[in-house]
Each structure stands twice: as C-alpha cells, then as structure tokens.
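Peer 1: Sharing my_file-v6.txt here; it has compact mmCIF, C-alpha atoms.
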```txt
# COMPACT_ATOMS: atom_id res chain seq x y z
CA MET A 1 106.82 76.62 104.85
CA ASN A 2 104.13 79.24 105.36
CA GLY A 3 101.87 77.56 107.91
CA ASP A 4 98.43 76.02 107.71
CA LYS A 5 96.12 77.56 105.14
CA ARG A 6 93.05 79.49 106.28
CA VAL A 7 89.75 80.31 104.65
CA PHE A 8 89.83 83.83 103.24
CA GLY A 9 86.43 85.42 103.73
CA PRO A 10 82.98 83.84 104.11
CA ALA A 11 83.27 81.51 101.12
CA GLY A 12 86.78 82.05 99.86
CA PRO A 13 89.63 79.66 99.13
CA LYS A 14 92.16 78.55 101.71
CA ILE A 15 95.39 80.52 101.51
CA ALA A 16 98.50 80.86 103.66
CA PRO A 17 98.36 83.43 106.49
CA ILE A 18 101.45 85.30 105.25
CA GLY A 19 101.19 86.97 101.86
CA GLN A 20 103.14 89.62 99.97
CA GLY A 21 102.56 93.36 99.89
CA THR A 22 103.76 95.65 97.11
CA TRP A 23 103.42 99.23 98.41
CA TYR A 24 106.63 101.09 97.37
CA ILE A 25 107.99 97.90 95.79
CA ASP A 26 108.50 99.78 92.52
CA ARG A 27 110.86 102.31 94.14
CA GLY A 28 113.79 99.97 94.67
CA ASN A 29 115.67 97.43 92.60
CA ARG A 30 113.10 96.07 90.15
CA ALA A 31 114.90 92.78 89.47
CA ALA A 32 115.32 92.09 93.19
CA ALA A 33 111.65 92.89 93.83
CA ILE A 34 110.51 90.49 91.11
CA ALA A 35 112.85 87.81 92.45
CA ALA A 36 111.44 88.38 95.96
CA LEU A 37 107.85 87.92 94.77
CA ARG A 38 108.79 84.75 92.90
CA ARG A 39 110.68 83.39 95.90
CA GLY A 40 107.63 84.13 98.02
CA LEU A 41 105.46 82.13 95.63
CA ASP A 42 107.92 79.24 95.81
CA LEU A 43 107.52 79.29 99.60
CA GLY A 44 103.72 79.35 99.56
CA MET A 45 103.09 83.10 99.89
CA THR A 46 100.56 83.03 97.08
CA HIS A 47 98.52 86.02 98.30
CA ILE A 48 99.91 89.04 96.42
CA ASP A 49 98.37 92.41 97.19
CA THR A 50 98.66 95.50 95.00
CA ALA A 51 96.64 98.57 93.99
CA GLU A 52 96.16 101.04 91.20
CA MET A 53 97.55 103.68 93.58
CA TYR A 54 100.89 101.87 93.88
CA GLY A 55 102.52 103.38 90.80
CA GLU A 56 104.32 100.75 88.77
CA ALA A 57 103.59 97.94 91.21
CA GLU A 58 100.91 96.28 89.07
CA PRO A 59 103.17 95.91 85.98
CA LEU A 60 105.95 94.64 88.26
CA VAL A 61 103.58 92.05 89.74
CA ALA A 62 102.54 91.05 86.21
CA GLU A 63 106.14 90.26 85.38
CA ALA A 64 106.67 88.36 88.63
CA ILE A 65 103.63 86.10 88.18
CA ALA A 66 103.99 85.54 84.42
CA GLY A 67 103.36 81.85 83.75
CA ARG A 68 102.24 81.29 87.36
CA ARG A 69 98.92 83.13 87.51
CA ASP A 70 96.94 80.09 88.64
CA GLU A 71 99.13 79.78 91.77
CA VAL A 72 98.35 83.31 92.89
CA PHE A 73 95.58 84.78 95.04
CA LEU A 74 95.73 88.21 93.40
CA VAL A 75 94.27 91.29 95.06
CA SER A 76 94.12 94.87 93.82
CA LYS A 77 92.26 98.02 94.86
CA VAL A 78 90.24 100.82 93.33
CA LEU A 79 90.88 104.39 94.46
CA PRO A 80 87.89 106.10 96.11
CA SER A 81 88.07 108.83 93.45
CA ASN A 82 87.35 106.14 90.82
CA ALA A 83 84.75 104.22 92.82
CA SER A 84 81.54 105.28 91.10
CA ARG A 85 79.68 102.40 89.46
CA SER A 86 81.13 102.99 85.98
CA GLY A 87 84.45 104.22 87.37
CA THR A 88 84.99 101.06 89.39
CA ILE A 89 84.46 98.86 86.36
CA ALA A 90 86.82 100.99 84.24
CA ALA A 91 89.45 100.98 87.01
CA CYS A 92 89.24 97.20 87.29
CA ASP A 93 89.72 96.82 83.55
CA ARG A 94 92.84 99.01 83.73
CA SER A 95 94.24 96.98 86.62
CA LEU A 96 93.59 93.73 84.75
CA GLN A 97 95.42 95.12 81.74
CA ARG A 98 98.42 96.23 83.82
CA LEU A 99 98.47 92.88 85.65
CA LYS A 100 98.13 90.98 82.36
CA THR A 101 95.38 88.76 83.70
CA ASP A 102 91.70 88.19 83.06
CA ARG A 103 90.55 88.19 86.70
CA LEU A 104 91.31 89.27 90.24
CA ASP A 105 90.72 86.94 93.16
CA CYS A 106 89.64 89.87 95.32
CA TYR A 107 89.07 93.56 94.53
CA LEU A 108 88.98 96.17 97.29
CA LEU A 109 87.76 99.72 97.76
CA HIS A 110 90.98 101.33 99.01
CA TRP A 111 89.22 103.58 101.51
CA ARG A 112 85.85 105.21 101.80
CA GLY A 113 85.35 108.26 99.56
CA GLN A 114 82.64 110.47 98.13
CA TYR A 115 80.77 107.86 96.11
CA ARG A 116 77.86 105.96 97.59
CA LEU A 117 78.82 102.53 98.87
CA ALA A 118 75.76 101.14 97.09
CA ASP A 119 77.20 102.23 93.73
CA THR A 120 80.58 100.67 94.41
CA VAL A 121 78.95 97.45 95.62
CA ALA A 122 76.78 97.33 92.49
CA ALA A 123 79.94 97.63 90.39
CA PHE A 124 81.66 94.89 92.38
CA GLU A 125 78.70 92.57 91.89
CA GLN A 126 78.66 93.36 88.17
CA LEU A 127 82.38 92.50 87.99
CA VAL A 128 81.74 89.21 89.83
CA ALA A 129 78.97 88.33 87.39
CA ALA A 130 81.30 89.10 84.47
CA GLY A 131 84.01 86.84 85.90
CA LYS A 132 86.49 89.70 86.23
CA ILE A 133 86.70 89.38 90.02
CA ARG A 134 86.00 86.40 92.22
CA SER A 135 85.26 88.33 95.41
CA TRP A 136 85.40 91.86 96.78
CA GLY A 137 86.07 93.73 99.98
CA VAL A 138 87.28 96.97 101.46
CA SER A 139 90.27 98.57 103.10
CA ASN A 140 90.53 101.01 106.01
CA PHE A 141 86.91 100.48 107.15
CA ASP A 142 86.03 100.69 110.83
CA ALA A 143 83.27 98.62 112.42
CA GLY A 144 80.61 101.26 111.81
CA ASP A 145 81.48 101.47 108.10
CA LEU A 146 81.43 97.68 107.86
CA GLN A 147 78.00 97.51 109.46
CA GLU A 148 76.68 100.06 106.96
CA LEU A 149 78.24 98.08 104.12
CA LEU A 150 76.67 94.86 105.39
CA LYS A 151 73.20 96.41 105.23
CA ILE A 152 73.82 97.32 101.59
CA ALA A 153 75.50 94.13 100.41
CA GLY A 154 73.94 91.45 102.59
CA ARG A 155 75.63 88.62 104.46
CA GLY A 156 78.37 86.58 102.85
CA LYS A 157 79.45 89.22 100.33
CA ILE A 158 82.29 91.10 102.08
CA ALA A 159 85.43 88.98 101.69
CA CYS A 160 88.01 91.16 103.37
CA ASN A 161 88.86 94.31 105.29
CA GLN A 162 92.49 95.32 104.84
CA VAL A 163 93.69 97.51 107.71
CA LEU A 164 96.77 98.93 109.40
CA TYR A 165 97.98 96.48 112.03
CA HIS A 166 101.35 96.12 113.70
CA LEU A 167 102.70 95.73 117.22
CA ARG A 168 102.53 99.44 117.96
CA GLU A 169 99.16 99.91 116.28
CA ARG A 170 96.63 97.40 117.57
CA ALA A 171 93.47 99.53 117.41
CA ILE A 172 91.63 97.03 115.20
CA GLU A 173 91.58 94.54 118.08
CA HIS A 174 88.92 96.63 119.84
CA SER A 175 86.05 96.47 117.33
CA VAL A 176 87.20 95.70 113.79
CA ILE A 177 88.55 92.18 114.32
CA PRO A 178 85.56 91.10 116.47
CA TRP A 179 83.14 92.45 113.85
CA CYS A 180 84.96 90.69 111.04
CA GLU A 181 85.12 87.42 112.97
CA ALA A 182 81.38 87.60 113.69
CA HIS A 183 80.65 88.01 109.97
CA GLY A 184 83.24 85.70 108.41
CA VAL A 185 85.27 88.57 106.94
CA ALA A 186 89.03 88.11 106.52
CA VAL A 187 91.25 90.72 108.17
CA THR A 188 94.41 91.56 106.21
CA ALA A 189 97.14 93.44 108.08
CA TYR A 190 99.03 95.93 105.96
CA SER A 191 102.36 97.46 107.07
CA PRO A 192 102.71 94.65 109.64
CA PHE A 193 106.17 95.86 110.68
CA GLY A 194 105.01 99.48 110.99
CA HIS A 195 106.08 102.16 108.57
CA ASP A 196 109.81 102.57 109.35
CA GLU A 197 109.10 102.11 113.05
CA PHE A 198 109.96 98.50 113.86
CA PRO A 199 111.40 98.33 117.40
CA ALA A 200 115.16 98.91 117.49
CA PRO A 201 117.15 95.88 118.74
CA ARG A 202 118.41 97.70 121.85
CA SER A 203 115.03 99.17 122.83
CA ALA A 204 113.06 97.55 125.64
CA GLU A 205 110.50 96.25 123.15
CA GLY A 206 113.21 95.06 120.80
CA ARG A 207 114.84 93.05 123.57
CA VAL A 208 111.54 91.33 124.35
CA LEU A 209 111.15 90.30 120.71
CA GLN A 210 114.77 89.13 120.51
CA ALA A 211 114.45 87.01 123.65
CA ILE A 212 111.36 85.27 122.29
CA ALA A 213 113.00 84.87 118.89
CA ASP A 214 116.05 83.26 120.49
CA GLN A 215 113.84 80.69 122.22
CA HIS A 216 112.38 79.64 118.87
CA GLY A 217 115.41 79.98 116.62
CA ALA A 218 113.57 82.77 114.85
CA THR A 219 113.98 86.49 114.14
CA PRO A 220 112.21 89.41 115.84
CA ARG A 221 110.28 90.16 112.66
CA GLN A 222 109.08 86.58 112.47
CA VAL A 223 107.91 86.85 116.07
CA ALA A 224 106.01 90.05 115.24
CA LEU A 225 104.28 88.43 112.26
CA ALA A 226 103.41 85.32 114.27
CA PHE A 227 101.80 87.50 116.93
CA LEU A 228 99.69 89.40 114.38
CA ILE A 229 98.36 86.21 112.75
CA ARG A 230 97.68 84.41 116.05
CA ARG A 231 93.93 84.63 115.34
CA PRO A 232 92.71 82.51 112.39
CA SER A 233 90.81 85.46 110.92
CA VAL A 234 93.97 87.50 110.35
CA PHE A 235 96.34 87.47 107.37
CA ALA A 236 99.42 89.67 106.89
CA ILE A 237 101.05 91.07 103.75
CA PRO A 238 104.61 92.19 104.52
CA LYS A 239 106.63 93.58 101.63
CA ALA A 240 110.01 92.06 100.79
CA ALA A 241 112.62 93.85 98.70
CA ASP A 242 114.78 90.78 98.09
CA PRO A 243 114.46 86.96 98.10
CA ALA A 244 116.14 86.48 101.48
CA HIS A 245 113.67 88.86 103.12
CA ALA A 246 110.79 87.00 101.43
CA ALA A 247 112.07 83.70 102.84
CA ASP A 248 112.31 85.25 106.31
CA ASN A 249 108.69 86.40 106.08
CA ALA A 250 107.45 83.03 104.85
CA ALA A 251 109.05 81.18 107.75
CA ALA A 252 106.95 83.22 110.20
CA GLY A 253 103.92 81.20 109.14
CA MET A 254 105.42 78.14 110.81
CA LEU A 255 106.23 79.84 114.11
CA ARG A 256 103.96 78.91 117.01
CA LEU A 257 104.15 81.26 119.97
CA SER A 258 103.29 80.01 123.45
CA ASP A 259 100.74 81.65 125.74
CA ASP A 260 103.68 83.03 127.73
CA ASP A 261 105.19 84.48 124.56
CA LEU A 262 101.91 86.14 123.67
CA ALA A 263 101.58 87.57 127.17
CA GLU A 264 105.10 89.01 127.03
CA ILE A 265 104.43 90.68 123.69
CA ASP A 266 101.07 91.97 124.90
CA LYS A 267 102.79 93.53 127.90
CA ALA A 268 105.58 95.10 125.81
CA PHE A 269 103.15 96.46 123.21
CA PRO A 270 99.94 97.29 125.14
CA LEU A 271 96.70 97.61 123.24
CA GLY A 272 95.79 101.06 124.52
CA PRO A 273 92.36 102.72 124.38
CA GLU A 274 90.14 102.54 121.33
CA PRO A 275 90.72 105.62 119.13
CA ALA A 276 87.89 107.79 117.85
CA SER A 277 88.74 106.93 114.25
CA LEU A 278 90.52 104.01 112.63
CA PRO A 279 94.26 104.63 112.07
CA MET A 280 95.45 104.29 108.47
CA LEU A 281 98.42 105.10 106.27
```
What is this structure when it is put down as structure tokens?

Peer 2:
Amino acid sequence: MNGDKRVFGPAGPKIAPIGQGTWYIDRGNRAAAIAALRRGLDLGMTHIDTAEMYGEAEPLVAEAIAGRRDEVFLVSKVLPSNASRSGTIAACDRSLQRLKTDRLDCYLLHWRGQYRLADTVAAFEQLVAAGKIRSWGVSNFDAGDLQELLKIAGRGKIACNQVLYHLRERAIEHSVIPWCEAHGVAVTAYSPFGHDEFPAPRSAEGRVLQAIADQHGATPRQVALAFLIRRPSVFAIPKAADPAHAADNAAAGMLRLSDDDLAEIDKAFPLGPEPASLPML
C-alpha cells in the first residue's frame, strides 16, 4: 500500500518511500501514537525515524516495535553536543537501550556542531564494525557540508541526509538533492507537511491541492507527499498521531501524479531563489 520500494543510500536495503516520523509524538496520546506506528508498519511504512533529542520518543518506539524489530528500518540521531568520538558511541548505546534493540539500521548526526566531522565519522565506523549500526548519515547538511564529509569518509559511506522539505520549503532542490543523487545518498524529508503551516483548504494553494486530490480520489496531504517523493532519491517521514492518519500517509505512496499535476503544484508553490544557508527546524 506504500508504493514501490527504493534503495536507501549507496548500498542500503530497499524500503518504502513513505516512513514514519516521531518528533513530538510523545506529547500526545501515547496509546494512539503507538497504535499509529503499528498501523504504519502493517501498511508497509517500516522506516521509523527518531532521535535522542525527541524526549520520550525512543521508549515509545520501543513499545510500538516490540516483537516486530526485524520488520523495521530503524533510524536515530546523535545530538551535536554528544558527537565526539567517545560521546557518539556512548549516545548510541543509550539510544539502543531506550529502543530495546541491539542495532540501528541508520544513525545520523542531527546537525553539524563543534566536534570535528572526522571524529564523528570515526565513531560511526567503529559502531558499524561493532554491529551496533548498519549505516550512518547526517541531517541538516547543505551541499558544501556534504562535500567536506565526503572527503573525510570516502565514497559509498554516507547513507542519508535528512532535511527540511515541504511544499513551501523547497530549497534543497537547488543543490542538496542534486548532490545526493550524484553520490547515491538518500534524501529524507522531515516535516513534509510543514510545521503547522499546511495550506488551508480555502487558500489558493489549498484549492490547487484539493482539485488534484479530487482527480485521483486522494487527499491534499497525499498529493503533497506524492509530490515530495516524485524523485526516486527522496523519502518522507510524516508523523501520525493516530492509526487513521497513518493509513492516510501510507496511501500516498501509491499515488502517481501526472506531469500536468506536477506542473500545477510547481506553479502554486514556486521554488524560489537558493538561500544563503540551508533552512532547518
């Protein structure tokens, strides 16, 4: 129900293009959030993304995936303040304990901080060798940062760059997505509906999305997700607070937009100039 699977990273497994985010998931109804994650797994949204920064999200994810760990492509993140060589390894161990698992499928540096990238990369490679992570990547890196990281790590090592990407924030289309595509790096879109700024139904943009949705028997949010994952390098991790919302997200993976649909969306949500720095939340 979640579309054709795609290769995640230069040598990664094939996973569905729509996954599940968990930022703020611990701030609502815990039982509903766990049910949403489980419903998402049932529908093929096996990519579950979390982070040590996300409060109680990791223990919540642990409960949701209990007994189903082998189905899940599990991703977590180390805070930049913990990303020294020894700090990264200790942070990973803490995340594994909270997630009640022995490995992560991908481990990300949440954003660039004060520690040398070479030290964080050395820790990631040590964790790979120990079997505690299967791959590693970054989040909130622009093309220049990625190029610097490539020189340190070498080709074929960076699995993913997780970045802000939604209809009203398309800056990564300028340089980040082309760089990642050239180097086999998966692009994961976080906050794919925007942060409390999805187009209102009666706005001009909202009407465009609704018209396209009506043509496909879909919803405006499904149309938005389908637009974001139109390139095979891009994955998206919307958060769902309840099972019905999770099912709505999963169905977006099956939606195929026409060239005319894409052109209409592109016109309603123009790319705009490339910003001086990469937008992030």

Peer 1: Could you tell me which of A:Ile25, A:Ala90, A:Cys180, A:Ile265 comes closest to Pro238 (chain A) if we count all atoms listed in the file?

Peer 2: A:Ile25

Peer 1: So that each row is one residue of region 54-121 of chain A with an atom at most 12 Å from region 26-38 of chain A, can you give its shortest atom pair and the distance in Å to one decimal, using only C-alpha atoms, rows by chain and rising number, as JSON lines?

Peer 2:
```
{"residue": "A:Tyr54", "atom": "CA", "partner": "A:Asp26", "partner_atom": "CA", "distance": 8.0}
{"residue": "A:Gly55", "atom": "CA", "partner": "A:Asp26", "partner_atom": "CA", "distance": 7.2}
{"residue": "A:Glu56", "atom": "CA", "partner": "A:Asp26", "partner_atom": "CA", "distance": 5.7}
{"residue": "A:Ala57", "atom": "CA", "partner": "A:Asp26", "partner_atom": "CA", "distance": 5.4}
{"residue": "A:Glu58", "atom": "CA", "partner": "A:Asp26", "partner_atom": "CA", "distance": 9.0}
{"residue": "A:Pro59", "atom": "CA", "partner": "A:Asp26", "partner_atom": "CA", "distance": 9.3}
{"residue": "A:Leu60", "atom": "CA", "partner": "A:Ile34", "partner_atom": "CA", "distance": 6.8}
{"residue": "A:Val61", "atom": "CA", "partner": "A:Ile34", "partner_atom": "CA", "distance": 7.2}
{"residue": "A:Ala62", "atom": "CA", "partner": "A:Ile34", "partner_atom": "CA", "distance": 9.4}
{"residue": "A:Glu63", "atom": "CA", "partner": "A:Ile34", "partner_atom": "CA", "distance": 7.2}
{"residue": "A:Ala64", "atom": "CA", "partner": "A:Ile34", "partner_atom": "CA", "distance": 5.0}
{"residue": "A:Ile65", "atom": "CA", "partner": "A:Arg38", "partner_atom": "CA", "distance": 7.1}
{"residue": "A:Ala66", "atom": "CA", "partner": "A:Arg38", "partner_atom": "CA", "distance": 9.8}
{"residue": "A:Gly67", "atom": "CA", "partner": "A:Arg38", "partner_atom": "CA", "distance": 11.0}
{"residue": "A:Arg68", "atom": "CA", "partner": "A:Arg38", "partner_atom": "CA", "distance": 9.3}
{"residue": "A:Arg69", "atom": "CA", "partner": "A:Arg38", "partner_atom": "CA", "distance": 11.4}
{"residue": "A:Glu71", "atom": "CA", "partner": "A:Arg38", "partner_atom": "CA", "distance": 10.9}
{"residue": "A:Val72", "atom": "CA", "partner": "A:Arg38", "partner_atom": "CA", "distance": 10.5}
```

Peer 1: Point out the residue among A:Gln222, A:Ala171, A:Ala204, A:Leu150 with the least atom-to-atom distance to Pro275 (chain A), counting all atoms listed in the file.

Peer 2: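 Comparing A:Gln222, A:Ala171, A:Ala204, A:Leu150 against Pro275 (chain A), the winner is A:Ala171.
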
Peer 1: Would you please work out which residue, of A:Lys157, A:Lys151, A:Arg6, A:Arg207, is nearest to Ser135 (chain A) when using all atoms listed in the file?

Peer 2: A:Lys157

Peer 1: Which residues are close to Gly40 (chain A), i.e. within 9 Å by only C-alpha atoms, leaving aside same-chain residues fewer than 6 positions away? Reply as a PyMOL selection string.

Peer 2: chain A and resi 19-20+46+240+243+246-247+249-250

Peer 1: Counting all atoms listed in the file, figure out which residue out of A:Leu257, A:Ala186, A:Ile172, A:Val234 gets nearest to Ala213 (chain A).

Peer 2: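 Looking only at the distances to Ala213 (chain A), the closest residue turns out to be A:Leu257.
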
Peer 1: How many Å separate CA of Thr50 (chain A) from CA of Gly154 (chain A)?

Peer 2: 26.2 Å

Peer 1: Residues at most 8 Å from Gln210 (chain A), counting all atoms listed in the file, excluding those fewer than 3 positions away in the same chain, as a PyMOL selection string?

Peer 2: chain A and resi 201+206-207+213-214+219-220

Peer 1: Go through A:Asp248, A:Asp105, A:Asp70, A:Asp266 and flag the residue nearest His166 (chain A), using all atoms listed in the file for the distances.

Peer 2: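 Smallest distance to His166 (chain A) is found for A:Asp266.
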
Peer 1: Pick the closest to Leu149 (chain A) from A:Val121, A:Ala200, A:Leu127, A:His174: which is it, counting all atoms listed in the file?

Peer 2: A:Val121

Peer 1: Which residues come within 6 Å of Ser84 (chain A), counting all atoms listed in the file, excluding same-chain residues fewer than 5 positions away, as a list in words?

Peer 2: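 That gives Tyr115, Asp119 and Thr120 of chain A.
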
Peer 1: Limited to C-alpha atoms, could you put the picked residues into a file as a PDB file, in the frame of the given file?

Peer 2:
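Produced file selection19.pdb, reproduced below:
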```
ATOM      1  CA  TYR A 115      80.770 107.860  96.110  1.00  0.00           C
ATOM      2  CA  ASP A 119      77.200 102.230  93.730  1.00  0.00           C
ATOM      3  CA  THR A 120      80.580 100.670  94.410  1.00  0.00           C
TER       4      THR A 120
END
```

Peer 1: To one decimal place, how far is CA of Gly44 (chain A) from CA of Lys132 (chain A) in Å?

Peer 2: 24.1 Å

Peer 1: List the neighbours of Asn140 (chain A) out to 12 Å using only C-alpha atoms; skip same-chain residues closer than 6 positions along the sequence, and give me the result as a ChimeraX atom specification.

Peer 2: /A:77,80,108-113,146,160-165,171-172,176,187-190,277-281

Peer 1: I'd like the interatomic distance between CA of Pro270 (chain A) and CA of Leu225 (chain A), to a tenth of an Å.

Peer 2: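 Interatomic distance, CA of Pro270 (chain A) to CA of Leu225 (chain A): 16.2 Å.
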